[in-house]
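Asks: Contents of coords02.pdb (PDB, C-alpha atoms) are given next:
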ATOM      1  CA  MET A   1       0.000   0.000   0.000  1.00  0.00           C
ATOM      2  CA  ALA A   2       1.434   3.358  -0.994  1.00  0.00           C
ATOM      3  CA  GLU A   3       1.595   6.148   1.555  1.00  0.00           C
ATOM      4  CA  TYR A   4      -0.436   9.256   0.930  1.00  0.00           C
ATOM      5  CA  PRO A   5       0.543  12.280   2.960  1.00  0.00           C
ATOM      6  CA  ILE A   6      -2.322  14.006   4.728  1.00  0.00           C
ATOM      7  CA  ASP A   7      -2.191  17.744   5.293  1.00  0.00           C
ATOM      8  CA  LYS A   8      -4.072  17.889   8.597  1.00  0.00           C
ATOM      9  CA  LYS A   9      -4.277  21.668   8.443  1.00  0.00           C
ATOM     10  CA  LYS A  10      -6.565  21.351   5.412  1.00  0.00           C
ATOM     11  CA  LEU A  11      -8.950  19.122   7.367  1.00  0.00           C
ATOM     12  CA  VAL A  12      -9.760  21.566  10.149  1.00  0.00           C
ATOM     13  CA  LYS A  13     -12.017  24.604   9.897  1.00  0.00           C
ATOM     14  CA  VAL A  14     -11.380  27.316  12.467  1.00  0.00           C
ATOM     15  CA  ILE A  15     -12.689  30.827  12.901  1.00  0.00           C
ATOM     16  CA  GLU A  16      -9.501  32.509  14.042  1.00  0.00           C
ATOM     17  CA  SER A  17      -9.684  33.951  17.543  1.00  0.00           C
ATOM     18  CA  PRO A  18      -8.876  37.662  17.905  1.00  0.00           C
ATOM     19  CA  VAL A  19      -7.014  36.882  21.155  1.00  0.00           C
ATOM     20  CA  ASP A  20      -4.393  34.395  22.250  1.00  0.00           C
ATOM     21  CA  PHE A  21      -5.929  31.484  24.119  1.00  0.00           C
ATOM     22  CA  ILE A  22      -2.760  29.499  24.753  1.00  0.00           C
ATOM     23  CA  LYS A  23       0.197  31.031  26.550  1.00  0.00           C
ATOM     24  CA  VAL A  24       3.579  29.630  27.536  1.00  0.00           C
ATOM     25  CA  ASP A  25       5.424  30.688  30.665  1.00  0.00           C
ATOM     26  CA  ARG A  26       9.006  30.408  29.460  1.00  0.00           C
ATOM     27  CA  GLU A  27      10.292  30.633  33.037  1.00  0.00           C
ATOM     28  CA  LYS A  28       8.435  27.427  33.983  1.00  0.00           C
ATOM     29  CA  CYS A  29       9.089  25.553  30.723  1.00  0.00           C
ATOM     30  CA  VAL A  30      11.895  22.989  30.956  1.00  0.00           C
ATOM     31  CA  GLY A  31      11.810  21.983  27.274  1.00  0.00           C
ATOM     32  CA  CYS A  32      10.555  18.441  27.969  1.00  0.00           C
ATOM     33  CA  LYS A  33       8.856  18.336  24.518  1.00  0.00           C
ATOM     34  CA  ASN A  34       5.637  16.766  25.817  1.00  0.00           C
ATOM     35  CA  CYS A  35       3.535  19.478  24.166  1.00  0.00           C
ATOM     36  CA  ALA A  36       5.302  19.003  20.830  1.00  0.00           C
ATOM     37  CA  ILE A  37       4.881  15.235  21.013  1.00  0.00           C
ATOM     38  CA  ILE A  38       1.163  15.262  21.910  1.00  0.00           C
ATOM     39  CA  CYS A  39      -0.052  17.993  19.530  1.00  0.00           C
ATOM     40  CA  GLY A  40      -1.930  16.329  16.671  1.00  0.00           C
ATOM     41  CA  MET A  41      -1.607  19.447  14.547  1.00  0.00           C
ATOM     42  CA  ASN A  42       2.160  19.830  15.118  1.00  0.00           C
ATOM     43  CA  LEU A  43       1.765  23.400  16.361  1.00  0.00           C
ATOM     44  CA  TRP A  44       4.492  23.197  19.026  1.00  0.00           C
ATOM     45  CA  LYS A  45       8.245  23.443  18.481  1.00  0.00           C
ATOM     46  CA  ILE A  46      11.178  23.581  20.873  1.00  0.00           C
ATOM     47  CA  ARG A  47      13.228  26.723  20.269  1.00  0.00           C
ATOM     48  CA  ASN A  48      16.266  27.554  22.354  1.00  0.00           C
ATOM     49  CA  GLY A  49      15.322  24.767  24.756  1.00  0.00           C
ATOM     50  CA  LYS A  50      11.785  26.070  25.413  1.00  0.00           C
ATOM     51  CA  ALA A  51       8.322  25.321  24.012  1.00  0.00           C
ATOM     52  CA  ALA A  52       7.012  27.722  21.389  1.00  0.00           C
ATOM     53  CA  LEU A  53       3.725  27.781  19.489  1.00  0.00           C
ATOM     54  CA  ASP A  54       3.553  28.377  15.760  1.00  0.00           C
ATOM     55  CA  LYS A  55       2.604  31.982  15.103  1.00  0.00           C
ATOM     56  CA  ASP A  56      -0.490  30.844  13.180  1.00  0.00           C
ATOM     57  CA  TYR A  57      -1.725  28.406  15.864  1.00  0.00           C
ATOM     58  CA  LYS A  58      -5.064  30.234  16.180  1.00  0.00           C
ATOM     59  CA  LYS A  59      -5.897  29.138  12.617  1.00  0.00           C
ATOM     60  CA  PHE A  60      -5.307  25.428  13.236  1.00  0.00           C
ATOM     61  CA  CYS A  61      -5.596  24.537  16.938  1.00  0.00           C
ATOM     62  CA  THR A  62      -8.356  21.983  17.530  1.00  0.00           C
ATOM     63  CA  GLU A  63      -8.709  23.071  21.179  1.00  0.00           C
ATOM     64  CA  CYS A  64      -8.102  19.584  22.544  1.00  0.00           C
ATOM     65  CA  ALA A  65      -6.014  21.016  25.421  1.00  0.00           C
ATOM     66  CA  SER A  66      -3.633  18.051  25.266  1.00  0.00           C
ATOM     67  CA  CYS A  67      -0.655  20.403  25.483  1.00  0.00           C
ATOM     68  CA  PHE A  68      -2.019  21.864  28.727  1.00  0.00           C
ATOM     69  CA  THR A  69      -2.807  18.405  30.086  1.00  0.00           C
ATOM     70  CA  VAL A  70       0.654  16.904  29.512  1.00  0.00           C
ATOM     71  CA  CYS A  71       2.643  19.857  30.837  1.00  0.00           C
ATOM     72  CA  ASP A  72       3.921  18.657  34.196  1.00  0.00           C
ATOM     73  CA  PHE A  73       5.452  22.049  34.968  1.00  0.00           C
ATOM     74  CA  ASP A  74       2.332  24.248  34.617  1.00  0.00           C
ATOM     75  CA  ALA A  75       4.065  26.206  31.878  1.00  0.00           C
ATOM     76  CA  ILE A  76       1.060  26.187  29.523  1.00  0.00           C
ATOM     77  CA  GLU A  77      -2.059  28.228  30.154  1.00  0.00           C
ATOM     78  CA  PHE A  78      -5.058  27.158  28.072  1.00  0.00           C
ATOM     79  CA  THR A  79      -8.477  28.769  27.773  1.00  0.00           C
ATOM     80  CA  PHE A  80     -11.019  28.317  25.035  1.00  0.00           C
ATOM     81  CA  PRO A  81     -11.361  31.064  22.425  1.00  0.00           C
ATOM     82  CA  PRO A  82     -14.174  33.594  22.926  1.00  0.00           C
ATOM     83  CA  ALA A  83     -17.688  32.611  21.882  1.00  0.00           C
ATOM     84  CA  GLY A  84     -18.095  32.527  18.118  1.00  0.00           C
ATOM     85  CA  TYR A  85     -14.423  31.685  17.478  1.00  0.00           C
ATOM     86  CA  GLY A  86     -12.421  28.492  17.271  1.00  0.00           C
ATOM     87  CA  VAL A  87     -13.056  25.060  15.812  1.00  0.00           C
ATOM     88  CA  VAL A  88     -16.117  24.623  13.601  1.00  0.00           C
ATOM     89  CA  TYR A  89     -17.468  21.070  13.625  1.00  0.00           C
ATOM     90  CA  GLU A  90     -19.137  20.312  10.315  1.00  0.00           C
ATOM     91  CA  ARG A  91     -19.418  16.542  10.577  1.00  0.00           C
ATOM     92  CA  GLY A  92     -19.877  13.983  13.289  1.00  0.00           C
TER      93      GLY A  92
END
Step by step, read the file and then write its structure as structure tokens.
Replies:
Amino acid sequence: MAEYPIDKKKLVKVIESPVDFIKVDREKCVGCKNCAIICGMNLWKIRNGKAALDKDYKKFCTECASCFTVCDFDAIEFTFPPAGYGVVYERG
């Protein structure tokens, strides 16, 4: 069976939030990479030994809060986007 790459970012529909809803406390972050490993949309990177979100994360985040859940150092603050913004579920 041949492999067919899937561009996950094309599968999600999001109304981009006007405000940040995920924040990283770089003082608390130890660069463990848990957020980067768990993120299904690959929105986290480790830069200079600390977690960093892609600049366009508000366009693609599925609001699963996995990054917040796996951070053992309380370095990630997660809130849902304001009403009317965020993931749009069209099926299921």
Asks: Translate the PyMOL selection byres ((chain A and resi 71-84) around 8), as applied to the file shown, into an explicit residue set as an NGL selection string.
Replies: :A and (15 or 17 or 19-30 or 34-35 or 63 or 65 or 67-70 or 85-86)
Asks: Figure out the distance between atom CA of A:Gly40 and atom CA of A:Lys59, please, to one decimal in Å.
Replies: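 Between atom CA of A:Lys59 and atom CA of A:Gly40 the gap works out to 14.0 Å.
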Asks: Could you check how far atom CA of A:Asn42 sits from atom CA of A:Pro5, in Å to one decimal?
Replies: 14.4 Å
Asks: If we draw a sphere of 12 Å around (-16.0, 15.6, 13.8), which residues have at least one atom in it when counting all atoms listed in the file? Please report them as a VMD selection string.
Replies: chain A and resid 11 to 13 62 87 to 92
Asks: Which residue is closest to A:Lys9? Choose from A:Cys39, A:Ile46, A:Cys61, A:Cys32 and count only C-alpha atoms.
Replies: A:Cys61
Asks: Rounded to one decimal, what separation in Å do you get between atom CA of A:Pro18 and atom CA of A:Arg47?
Replies: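 Atom CA of A:Arg47 lies at a distance of 24.8 Å from atom CA of A:Pro18.
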Asks: Select, from A:Phe60, A:Lys33, A:Asp7, A:Val14, the residue with the minimum atom-to-atom distance to A:Lys45, counting all atoms listed in the file.
Replies: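 Closest to A:Lys45, using all atoms listed in the file: A:Lys33.
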Asks: Kindly list the centre and edge lengths in Å, rounded to one decimal, for the axis-aligned box that covers all listed atoms of stretch 76-85 of chain A plus 6 Å on each of its six sides, as JSON.
Replies:
{"center_x": -8.5, "center_y": 29.9, "center_z": 23.8, "size_x": 31.2, "size_y": 19.4, "size_z": 24.7}
Asks: Please expand the PyMOL selection byres ((chain A and resi 54) around 9) into the concrete residues it hits in this file, giving the result as a ChimeraX atom specification.
Replies: /A:42-45,52-53,55-58
